[in-house]
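Raw run30.csv, CSV, C-alpha atoms (C1' of nucleotides):
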```
chain,number,residue,atom,x,y,z
A,133,MET,CA,-41.9,-1.7,78.2
A,134,ILE,CA,-39.1,-4.0,79.0
A,135,LEU,CA,-36.6,-3.0,81.6
A,136,ASP,CA,-33.2,-4.7,81.8
A,137,ALA,CA,-31.0,-5.0,84.8
A,138,ILE,CA,-29.3,-1.7,84.2
A,139,ASP,CA,-32.6,0.2,83.8
A,140,LYS,CA,-33.7,-1.2,87.1
A,141,LYS,CA,-30.4,-0.1,88.7
A,142,ILE,CA,-31.0,3.3,87.3
A,143,LEU,CA,-34.5,3.5,88.6
A,144,ARG,CA,-33.5,2.2,92.0
A,145,VAL,CA,-30.9,4.9,92.4
A,146,LEU,CA,-33.1,7.7,91.0
A,147,GLN,CA,-35.9,6.8,93.4
A,148,ARG,CA,-33.6,7.5,96.3
A,149,GLN,CA,-31.5,10.3,94.8
A,150,GLY,CA,-33.5,12.1,92.2
A,151,ARG,CA,-30.9,14.8,91.7
A,152,ILE,CA,-27.8,12.7,91.5
A,153,PRO,CA,-25.5,14.0,88.7
A,154,ASN,CA,-25.5,11.9,85.6
A,155,ASN,CA,-21.8,11.2,86.0
A,156,GLU,CA,-22.2,9.7,89.4
A,157,LEU,CA,-25.3,7.8,88.3
A,158,ALA,CA,-23.3,6.4,85.4
A,159,ALA,CA,-20.5,5.2,87.7
A,160,LEU,CA,-23.0,3.6,90.1
A,161,VAL,CA,-24.7,1.5,87.4
A,162,GLY,CA,-21.4,0.8,85.6
A,163,LEU,CA,-21.9,2.8,82.4
A,164,SER,CA,-20.2,5.8,80.9
A,165,PRO,CA,-22.2,9.1,81.1
A,166,SER,CA,-23.6,9.2,77.6
A,167,PRO,CA,-25.4,5.8,77.4
A,168,CYS,CA,-26.6,6.3,81.0
A,169,LEU,CA,-28.1,9.6,80.1
A,170,ARG,CA,-29.7,8.1,77.0
A,171,ARG,CA,-31.4,5.4,79.1
A,172,VAL,CA,-32.6,8.0,81.6
A,173,ARG,CA,-34.2,10.0,78.8
A,174,VAL,CA,-35.9,6.9,77.4
A,175,LEU,CA,-37.3,6.1,80.8
A,176,GLU,CA,-38.6,9.7,81.1
A,177,ASP,CA,-40.1,9.7,77.6
A,178,LYS,CA,-41.9,6.4,78.0
A,179,GLY,CA,-43.3,7.8,81.3
A,180,VAL,CA,-41.7,5.2,83.5
A,181,ILE,CA,-40.2,8.1,85.3
A,182,ALA,CA,-43.2,10.3,85.6
A,183,ARG,CA,-41.5,13.3,87.2
A,184,TYR,CA,-39.0,14.4,89.8
A,185,ALA,CA,-39.9,15.8,93.2
A,186,ALA,CA,-38.4,17.2,96.3
A,187,ILE,CA,-39.6,15.2,99.3
A,188,LEU,CA,-40.4,17.6,102.2
A,189,ASP,CA,-40.4,16.9,105.9
A,190,PRO,CA,-44.1,17.5,106.7
A,191,GLY,CA,-43.4,18.3,110.4
A,192,LEU,CA,-40.9,21.0,109.5
A,193,VAL,CA,-43.4,22.8,107.3
A,194,GLY,CA,-46.0,22.7,110.0
A,195,MET,CA,-48.1,19.8,108.5
A,196,GLY,CA,-47.0,17.0,110.8
A,197,LEU,CA,-50.3,15.1,111.1
A,198,THR,CA,-51.5,12.4,108.6
A,199,VAL,CA,-54.9,10.9,109.0
A,200,PHE,CA,-57.1,8.5,107.1
A,201,ALA,CA,-60.7,9.2,106.5
A,202,ARG,CA,-63.3,6.8,105.2
A,203,VAL,CA,-66.1,8.6,103.4
A,204,TYR,CA,-69.6,7.2,102.9
A,205,LEU,CA,-71.9,8.9,100.4
A,206,THR,CA,-75.7,9.0,100.5
A,207,GLY,CA,-75.7,7.1,97.2
A,208,GLN,CA,-73.3,5.6,94.7
A,209,GLY,CA,-74.8,7.1,91.5
A,210,GLU,CA,-72.3,8.2,88.9
A,211,ASP,CA,-73.2,11.9,89.2
A,212,GLN,CA,-72.7,11.8,93.0
A,213,VAL,CA,-69.4,10.0,92.8
A,214,ASN,CA,-68.1,12.3,90.1
A,215,HIS,CA,-69.1,15.3,92.1
A,216,PHE,CA,-67.2,14.1,95.1
A,217,ILE,CA,-64.2,13.3,92.9
A,218,GLU,CA,-64.2,16.8,91.5
A,219,GLU,CA,-64.5,18.5,94.9
A,220,ILE,CA,-61.7,16.4,96.3
A,221,GLY,CA,-59.4,17.5,93.5
A,222,LYS,CA,-59.6,21.0,94.7
A,223,LEU,CA,-58.5,20.2,98.3
A,224,SER,CA,-54.7,20.2,98.5
A,225,GLN,CA,-54.8,18.7,102.0
A,226,VAL,CA,-56.2,15.5,100.5
A,227,VAL,CA,-53.1,13.9,99.4
A,228,GLU,CA,-54.6,10.6,98.3
A,229,CYS,CA,-58.1,9.5,97.3
A,230,HIS,CA,-59.2,6.0,96.4
A,231,LEU,CA,-62.6,4.8,95.2
A,232,MET,CA,-63.0,1.6,97.2
A,233,ALA,CA,-64.5,-1.7,96.4
A,234,GLY,CA,-65.8,-2.7,99.8
A,235,ASP,CA,-67.1,-1.1,103.0
A,236,CYS,CA,-66.7,2.6,102.5
A,237,ASP,CA,-67.0,4.6,99.3
A,238,PHE,CA,-63.7,6.5,99.5
A,239,LEU,CA,-60.5,6.2,101.4
A,240,LEU,CA,-58.6,9.5,101.9
A,241,ARG,CA,-55.2,10.3,103.2
A,242,ILE,CA,-55.2,13.8,104.6
A,243,VAL,CA,-52.3,16.0,105.7
A,244,ALA,CA,-53.0,18.6,108.4
A,245,GLU,CA,-51.1,20.8,110.8
A,246,ASP,CA,-52.5,19.0,113.9
A,247,LEU,CA,-55.8,17.6,115.3
A,248,VAL,CA,-57.3,21.0,115.6
A,249,GLY,CA,-56.5,21.8,112.1
A,250,TYR,CA,-57.9,18.4,110.9
A,251,ARG,CA,-61.1,18.9,112.8
A,252,ARG,CA,-61.6,22.2,111.1
A,253,PHE,CA,-60.8,20.8,107.7
A,254,GLN,CA,-63.2,17.9,108.2
A,255,GLY,CA,-66.1,20.2,109.4
A,256,GLU,CA,-65.6,23.1,107.0
A,257,ARG,CA,-64.5,21.3,103.8
A,258,LEU,CA,-65.0,17.5,103.7
A,259,ALA,CA,-68.4,17.2,105.5
A,260,ARG,CA,-69.8,20.1,103.4
A,261,ILE,CA,-69.3,18.3,100.1
A,262,LYS,CA,-72.7,17.4,98.7
A,263,GLY,CA,-73.6,13.8,99.1
A,264,VAL,CA,-71.3,13.0,102.0
A,265,GLN,CA,-73.3,11.0,104.5
A,266,SER,CA,-70.6,10.2,107.1
A,267,ILE,CA,-66.9,10.3,107.7
A,268,LYS,CA,-64.9,7.9,109.9
A,269,THR,CA,-61.4,9.1,110.8
A,270,ASP,CA,-58.5,6.8,111.5
A,271,ILE,CA,-55.7,8.4,113.4
A,272,PRO,CA,-52.1,7.0,113.3
A,273,MET,CA,-50.3,7.1,116.6
A,274,GLN,CA,-46.9,6.6,114.9
A,275,MET,CA,-45.7,6.5,111.3
A,276,VAL,CA,-43.7,3.4,111.2
A,277,LYS,CA,-42.6,3.4,107.6
A,278,GLN,CA,-43.0,5.8,104.7
A,279,SER,CA,-41.5,5.2,101.3
A,280,TRP,CA,-42.2,6.7,97.9
A,281,GLU,CA,-40.4,3.9,96.2
A,282,VAL,CA,-42.0,1.5,93.9
A,283,PRO,CA,-40.4,-1.9,94.6
A,284,LEU,CA,-38.6,-3.3,91.5
A,285,ALA,CA,-38.3,-7.0,91.0
A,286,PRO,CA,-34.6,-8.0,90.8
A,287,ASP,CA,-34.8,-9.5,87.3
A,288,GLY,CA,-36.5,-8.9,84.0
A,289,ARG,CA,-40.3,-9.0,84.1
B,271,MET,CA,-37.9,27.1,111.1
B,272,ILE,CA,-39.6,30.1,109.6
B,273,LEU,CA,-40.5,30.0,105.9
B,274,ASP,CA,-41.1,33.3,104.1
B,275,ALA,CA,-43.2,33.6,101.0
B,276,ILE,CA,-40.3,33.0,98.7
B,277,ASP,CA,-39.2,29.9,100.5
B,278,LYS,CA,-42.7,28.5,100.1
B,279,LYS,CA,-42.7,29.4,96.4
B,280,ILE,CA,-39.5,27.5,96.1
B,281,LEU,CA,-40.9,24.5,97.9
B,282,ARG,CA,-44.0,24.5,95.9
B,283,VAL,CA,-42.1,24.4,92.6
B,284,LEU,CA,-39.6,21.8,93.8
B,285,GLN,CA,-42.3,19.5,95.0
B,286,ARG,CA,-43.6,19.4,91.4
B,287,GLN,CA,-40.3,19.7,89.5
B,288,GLY,CA,-37.6,18.4,91.6
B,289,ARG,CA,-35.0,18.6,88.8
B,290,ILE,CA,-35.7,22.1,87.6
B,291,PRO,CA,-32.5,24.0,86.9
B,292,ASN,CA,-31.7,26.6,89.5
B,293,ASN,CA,-31.8,29.3,86.8
B,294,GLU,CA,-35.4,28.6,85.9
B,295,LEU,CA,-36.4,28.1,89.6
B,296,ALA,CA,-34.9,31.5,90.3
B,297,ALA,CA,-36.9,33.1,87.5
B,298,LEU,CA,-40.1,31.5,88.7
B,299,VAL,CA,-39.8,32.7,92.2
B,300,GLY,CA,-38.5,36.2,91.2
B,301,LEU,CA,-34.9,35.9,92.4
B,302,SER,CA,-31.6,35.8,90.7
B,303,PRO,CA,-29.8,32.4,90.6
B,304,SER,CA,-27.4,32.9,93.5
B,305,PRO,CA,-29.7,33.8,96.4
B,306,CYS,CA,-32.2,31.3,95.1
B,307,LEU,CA,-29.6,28.5,95.3
B,308,ARG,CA,-28.5,29.7,98.7
B,309,ARG,CA,-32.1,29.4,99.9
B,310,VAL,CA,-32.4,25.9,98.4
B,311,ARG,CA,-29.2,24.8,100.2
B,312,VAL,CA,-30.5,26.2,103.5
B,313,LEU,CA,-33.8,24.3,103.1
B,314,GLU,CA,-31.8,21.1,102.3
B,315,ASP,CA,-29.5,21.6,105.3
B,316,LYS,CA,-32.3,22.2,107.7
B,317,GLY,CA,-34.0,19.1,106.4
B,318,VAL,CA,-37.1,20.8,105.2
B,319,ILE,CA,-36.2,19.2,101.9
B,320,ALA,CA,-35.5,15.7,103.0
B,321,ARG,CA,-34.3,14.5,99.6
B,322,TYR,CA,-35.1,14.3,96.0
B,323,ALA,CA,-36.8,11.4,94.2
B,324,ALA,CA,-37.8,10.2,90.8
B,325,ILE,CA,-41.5,9.4,90.8
B,326,LEU,CA,-42.2,6.2,88.8
B,327,ASP,CA,-45.4,5.1,87.1
B,328,PRO,CA,-46.2,1.9,89.1
B,329,GLY,CA,-48.1,0.4,86.3
B,330,LEU,CA,-45.3,0.8,83.8
B,331,VAL,CA,-42.9,-1.1,86.0
B,332,GLY,CA,-45.3,-3.9,86.6
B,333,MET,CA,-46.5,-2.9,90.0
B,334,GLY,CA,-49.9,-1.4,89.2
B,335,LEU,CA,-51.9,-2.5,92.2
B,336,THR,CA,-52.1,-0.7,95.5
B,337,VAL,CA,-54.0,-2.2,98.4
B,338,PHE,CA,-54.5,-1.3,102.0
B,339,ALA,CA,-54.2,-3.9,104.7
B,340,ARG,CA,-55.4,-3.7,108.3
B,341,VAL,CA,-53.4,-5.8,110.6
B,342,TYR,CA,-54.5,-7.1,114.0
B,343,LEU,CA,-51.9,-8.6,116.3
B,344,THR,CA,-52.6,-11.2,118.9
B,345,GLY,CA,-51.5,-8.7,121.6
B,346,GLN,CA,-50.2,-5.2,121.9
B,347,GLY,CA,-47.2,-5.7,124.0
B,348,GLU,CA,-44.1,-3.7,123.2
B,349,ASP,CA,-42.1,-6.7,122.1
B,350,GLN,CA,-44.8,-7.9,119.8
B,351,VAL,CA,-45.3,-4.5,118.2
B,352,ASN,CA,-41.6,-3.9,117.8
B,353,HIS,CA,-41.1,-7.3,116.2
B,354,PHE,CA,-43.8,-6.5,113.7
B,355,ILE,CA,-42.3,-3.1,112.9
B,356,GLU,CA,-38.9,-4.7,112.3
B,357,GLU,CA,-40.3,-7.3,109.9
B,358,ILE,CA,-42.3,-4.8,108.0
B,359,GLY,CA,-39.1,-2.7,107.5
B,360,LYS,CA,-37.7,-5.6,105.4
B,361,LEU,CA,-40.6,-5.8,103.0
B,362,SER,CA,-40.1,-3.3,100.2
B,363,GLN,CA,-43.7,-3.9,98.9
B,364,VAL,CA,-45.0,-2.3,102.1
B,365,VAL,CA,-44.7,1.3,101.1
B,366,GLU,CA,-46.4,2.7,104.2
B,367,CYS,CA,-47.0,1.5,107.7
B,368,HIS,CA,-48.9,3.3,110.5
B,369,LEU,CA,-49.4,2.2,114.1
B,370,MET,CA,-53.0,3.1,114.6
B,371,ALA,CA,-54.9,4.5,117.6
B,372,GLY,CA,-58.2,2.8,117.0
B,373,ASP,CA,-59.7,-0.4,115.6
B,374,CYS,CA,-56.8,-2.2,114.0
B,375,ASP,CA,-53.2,-2.3,115.1
B,376,PHE,CA,-51.5,-1.4,111.9
B,377,LEU,CA,-52.6,0.1,108.6
B,378,LEU,CA,-50.4,-0.8,105.6
B,379,ARG,CA,-50.2,0.4,102.1
B,380,ILE,CA,-48.9,-2.3,99.8
B,381,VAL,CA,-47.8,-2.2,96.2
B,382,ALA,CA,-48.1,-5.4,94.2
B,383,GLU,CA,-48.1,-6.5,90.6
B,384,ASP,CA,-51.7,-7.6,90.6
B,385,LEU,CA,-54.2,-9.4,92.8
B,386,VAL,CA,-52.5,-12.8,92.4
B,387,GLY,CA,-49.2,-11.2,93.4
B,388,TYR,CA,-50.8,-9.6,96.4
B,389,ARG,CA,-52.5,-12.8,97.5
B,390,ARG,CA,-49.1,-14.5,97.4
B,391,PHE,CA,-47.5,-11.7,99.3
B,392,GLN,CA,-50.1,-11.7,102.0
B,393,GLY,CA,-49.9,-15.5,102.5
B,394,GLU,CA,-46.2,-15.9,102.2
B,395,ARG,CA,-44.9,-12.8,103.9
B,396,LEU,CA,-47.4,-10.8,105.9
B,397,ALA,CA,-49.4,-13.5,107.5
B,398,ARG,CA,-46.3,-15.4,108.5
B,399,ILE,CA,-45.0,-12.6,110.7
B,400,LYS,CA,-45.1,-13.8,114.3
B,401,GLY,CA,-48.0,-12.3,116.3
B,402,VAL,CA,-50.2,-11.5,113.3
B,403,GLN,CA,-53.8,-12.6,114.2
B,404,SER,CA,-55.7,-11.4,111.2
B,405,ILE,CA,-55.5,-9.2,108.1
B,406,LYS,CA,-58.3,-7.4,106.4
B,407,THR,CA,-57.6,-6.1,102.9
B,408,ASP,CA,-59.2,-3.1,101.4
B,409,ILE,CA,-59.0,-2.9,97.6
B,410,PRO,CA,-59.3,0.3,95.7
B,411,MET,CA,-61.3,0.2,92.5
B,412,GLN,CA,-59.8,3.4,91.2
B,413,MET,CA,-57.1,5.7,92.3
B,414,VAL,CA,-58.8,9.1,92.2
B,415,LYS,CA,-56.0,11.3,93.4
B,416,GLN,CA,-52.4,10.7,94.3
B,417,SER,CA,-50.0,13.5,95.3
B,418,TRP,CA,-46.7,13.5,97.1
B,419,GLU,CA,-47.0,17.2,97.8
B,420,VAL,CA,-47.2,18.5,101.3
B,421,PRO,CA,-49.7,21.4,101.2
B,422,LEU,CA,-48.1,24.7,102.2
B,423,ALA,CA,-50.2,27.4,103.8
B,424,PRO,CA,-50.1,30.6,101.6
B,425,ASP,CA,-48.7,32.9,104.4
B,426,GLY,CA,-46.2,32.8,107.2
B,427,ARG,CA,-46.8,30.2,109.8
C,278,DG,C1',-29.4,40.6,96.5
C,279,DT,C1',-26.4,41.3,92.3
C,280,DT,C1',-22.8,40.4,89.0
C,281,DG,C1',-19.5,37.7,86.6
C,282,DA,C1',-15.9,34.3,86.1
C,283,DA,C1',-14.4,29.4,87.0
C,284,DA,C1',-15.5,24.6,87.8
C,285,DT,C1',-18.6,21.1,87.1
C,286,DT,C1',-22.1,18.8,84.5
C,287,DA,C1',-25.1,17.8,80.6
C,288,DT,C1',-25.6,17.0,75.8
C,289,DG,C1',-25.0,15.3,71.2
C,290,DG,C1',-22.0,13.7,67.4
C,291,DT,C1',-19.1,10.1,65.9
C,292,DC,C1',-16.9,5.9,66.0
C,293,DA,C1',-16.2,1.1,67.6
C,294,DA,C1',-17.9,-3.3,69.3
D,172,DT,C1',-28.2,-2.0,68.9
D,173,DT,C1',-25.5,-0.4,72.7
D,174,DG,C1',-21.5,1.7,74.8
D,175,DA,C1',-17.2,4.8,74.7
D,176,DC,C1',-15.0,9.0,73.8
D,177,DC,C1',-14.7,13.8,72.9
D,178,DA,C1',-16.1,18.6,71.9
D,179,DT,C1',-19.4,22.0,73.0
D,180,DA,C1',-23.1,24.1,75.6
D,181,DA,C1',-25.5,24.8,79.8
D,182,DT,C1',-25.6,25.0,84.6
D,183,DT,C1',-23.9,25.3,89.1
D,184,DT,C1',-21.0,27.4,92.3
D,185,DC,C1',-18.3,30.9,94.5
D,186,DA,C1',-15.9,34.8,94.7
D,187,DA,C1',-16.3,40.1,95.1
D,188,DC,C1',-19.3,43.9,95.2
```
Please, can you express the file's structure as structure tokens?
Amino acid sequence: MILDAIDKKILRVLQRQGRIPNNELAALVGLSPSPCLRRVRVLEDKGVIARYAAILDPGLVGMGLTVFARVYLTGQGEDQVNHFIEEIGKLSQVVECHLMAGDCDFLLRIVAEDLVGYRRFQGERLARIKGVQSIKTDIPMQMVKQSWEVPLAPDGR
Amino acid sequence: MILDAIDKKILRVLQRQGRIPNNELAALVGLSPSPCLRRVRVLEDKGVIARYAAILDPGLVGMGLTVFARVYLTGQGEDQVNHFIEEIGKLSQVVECHLMAGDCDFLLRIVAEDLVGYRRFQGERLARIKGVQSIKTDIPMQMVKQSWEVPLAPDGR
DNA sequence: GTTGAAATTATGGTCAA
DNA sequence: TTGACCATAATTTCAAC
């Protein structure tokens, strides 16, 4: 997949304004509407644009706390790892889950209403998954930066 | 801000399909187009919907590696912390930055092309920010789950 | 919340560079 | 191969009910 300068412009705009009308997008990237739309469709079809999403303010829907949890399993066998992965998939509060190379087995980003809600979630859901040995929670004091944008190199790659 | 069941339905759909036509959205949530659009506008105006975004496939734009970095500063004075925050804001590869309560000072999520690219980024950018004492990098072996959706409680909150 | 008409936007064909 | 222009279809938007 080769992206030229115009494709990258399109992606940069669409990452910030996912619902911009095609007319305006075309004007911003210096194209007329048709070829602009054609490029967007190609980017969608190739999967470069995976999907579109509304970005919510977590605090305004009562889910203002983000925490990180490091999970240690009792063993690293395939069955055990897969079981954990499967259970995590069912928990919508777990917004991100990475199988780690170092120290801990999994790193999770979890969204909760507040500390009380997180404590309950950890005790009633996370800790009860079979094979979980221990959980260490890292609590942010302040979210300094949050972006959903993939950085795009300025020129062709 | 009080969200009723229909608002939550709308938000759930819009988090997954940010560009769904209002007609279809209305049908999905059991409303006719006009009141549905009215609700969406209210959610936008109140800031519950912060914005819309195209979600890209990082691998397909040549940015397939996500790493976490724990940053330790030489001190926690306000000036030092603020300087770090300011510099981080300029680095588009730093997709997330949290000021932490415990162990390390900052937790960063960084997007890079590959390990070579990350190493360069860490050496040339991160480590050169004034006041950075040390950086510990956690590397995911596998991304198990990634979601941008804020979980919404089923009933009124 | 509903209906329906008007304005805006998306889409696809065709031609030109 | 890529972009421009134009006609048509779909969608959004806003009135009145």
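Remark: residues at most 12 Å from position (-28.7, -3.7, 80.5) in file coordinates are Ile134, Leu135, Asp136, Ala137, Ile138, Asp139, Lys140, Lys141, Ile142, Val161, Gly162, Leu163, Pro167, Cys168, Arg171, Asp287 and Gly288 of chain A; DT172, DT173 and DG174 of chain D, using all atoms listed in the file.
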Kindly provide the residues of chain D that approach segment 280-294 of chain C to within 8 Å, each paired with its closest atom pair and their distance in Å to one decimal, based on all atoms listed in the file, listed by chain and increasing number, as CSV.
```
residue,atom,partner,partner_atom,distance
D:DA180,C1',C:DT288,C1',7.5
D:DA181,C1',C:DA287,C1',7.1
D:DT182,C1',C:DT286,C1',7.1
D:DT183,C1',C:DT285,C1',7.1
D:DT184,C1',C:DA284,C1',7.6
D:DC188,C1',C:DT280,C1',7.9
```
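One distance worth recording is that between atom CA of Met232 of chain A and atom CA of Lys406 of chain B, which is 13.7 Å.
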Might you pull out every residue within 9 Å of segment 394-401 of chain B, with all atoms listed in the file counted and same-chain residues fewer than 2 positions away left off, and present them as a count of residues only? 18
May I ask you to extract the residues of chain A within 8 Å of chain B, using all atoms listed in the file, and to give them as a VMD selection string? chain A and resid 133 135 143 146 to 151 179 to 190 192 to 195 217 221 224 to 225 227 to 234 243 270 to 284 289
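As for atom CA of Pro291 of chain B and atom CA of Ser304 of chain B, they are spaced 12.2 Å apart.
The space separating atom CA of Lys222 of chain A from atom CA of Arg202 of chain A comes to 18.0 Å.
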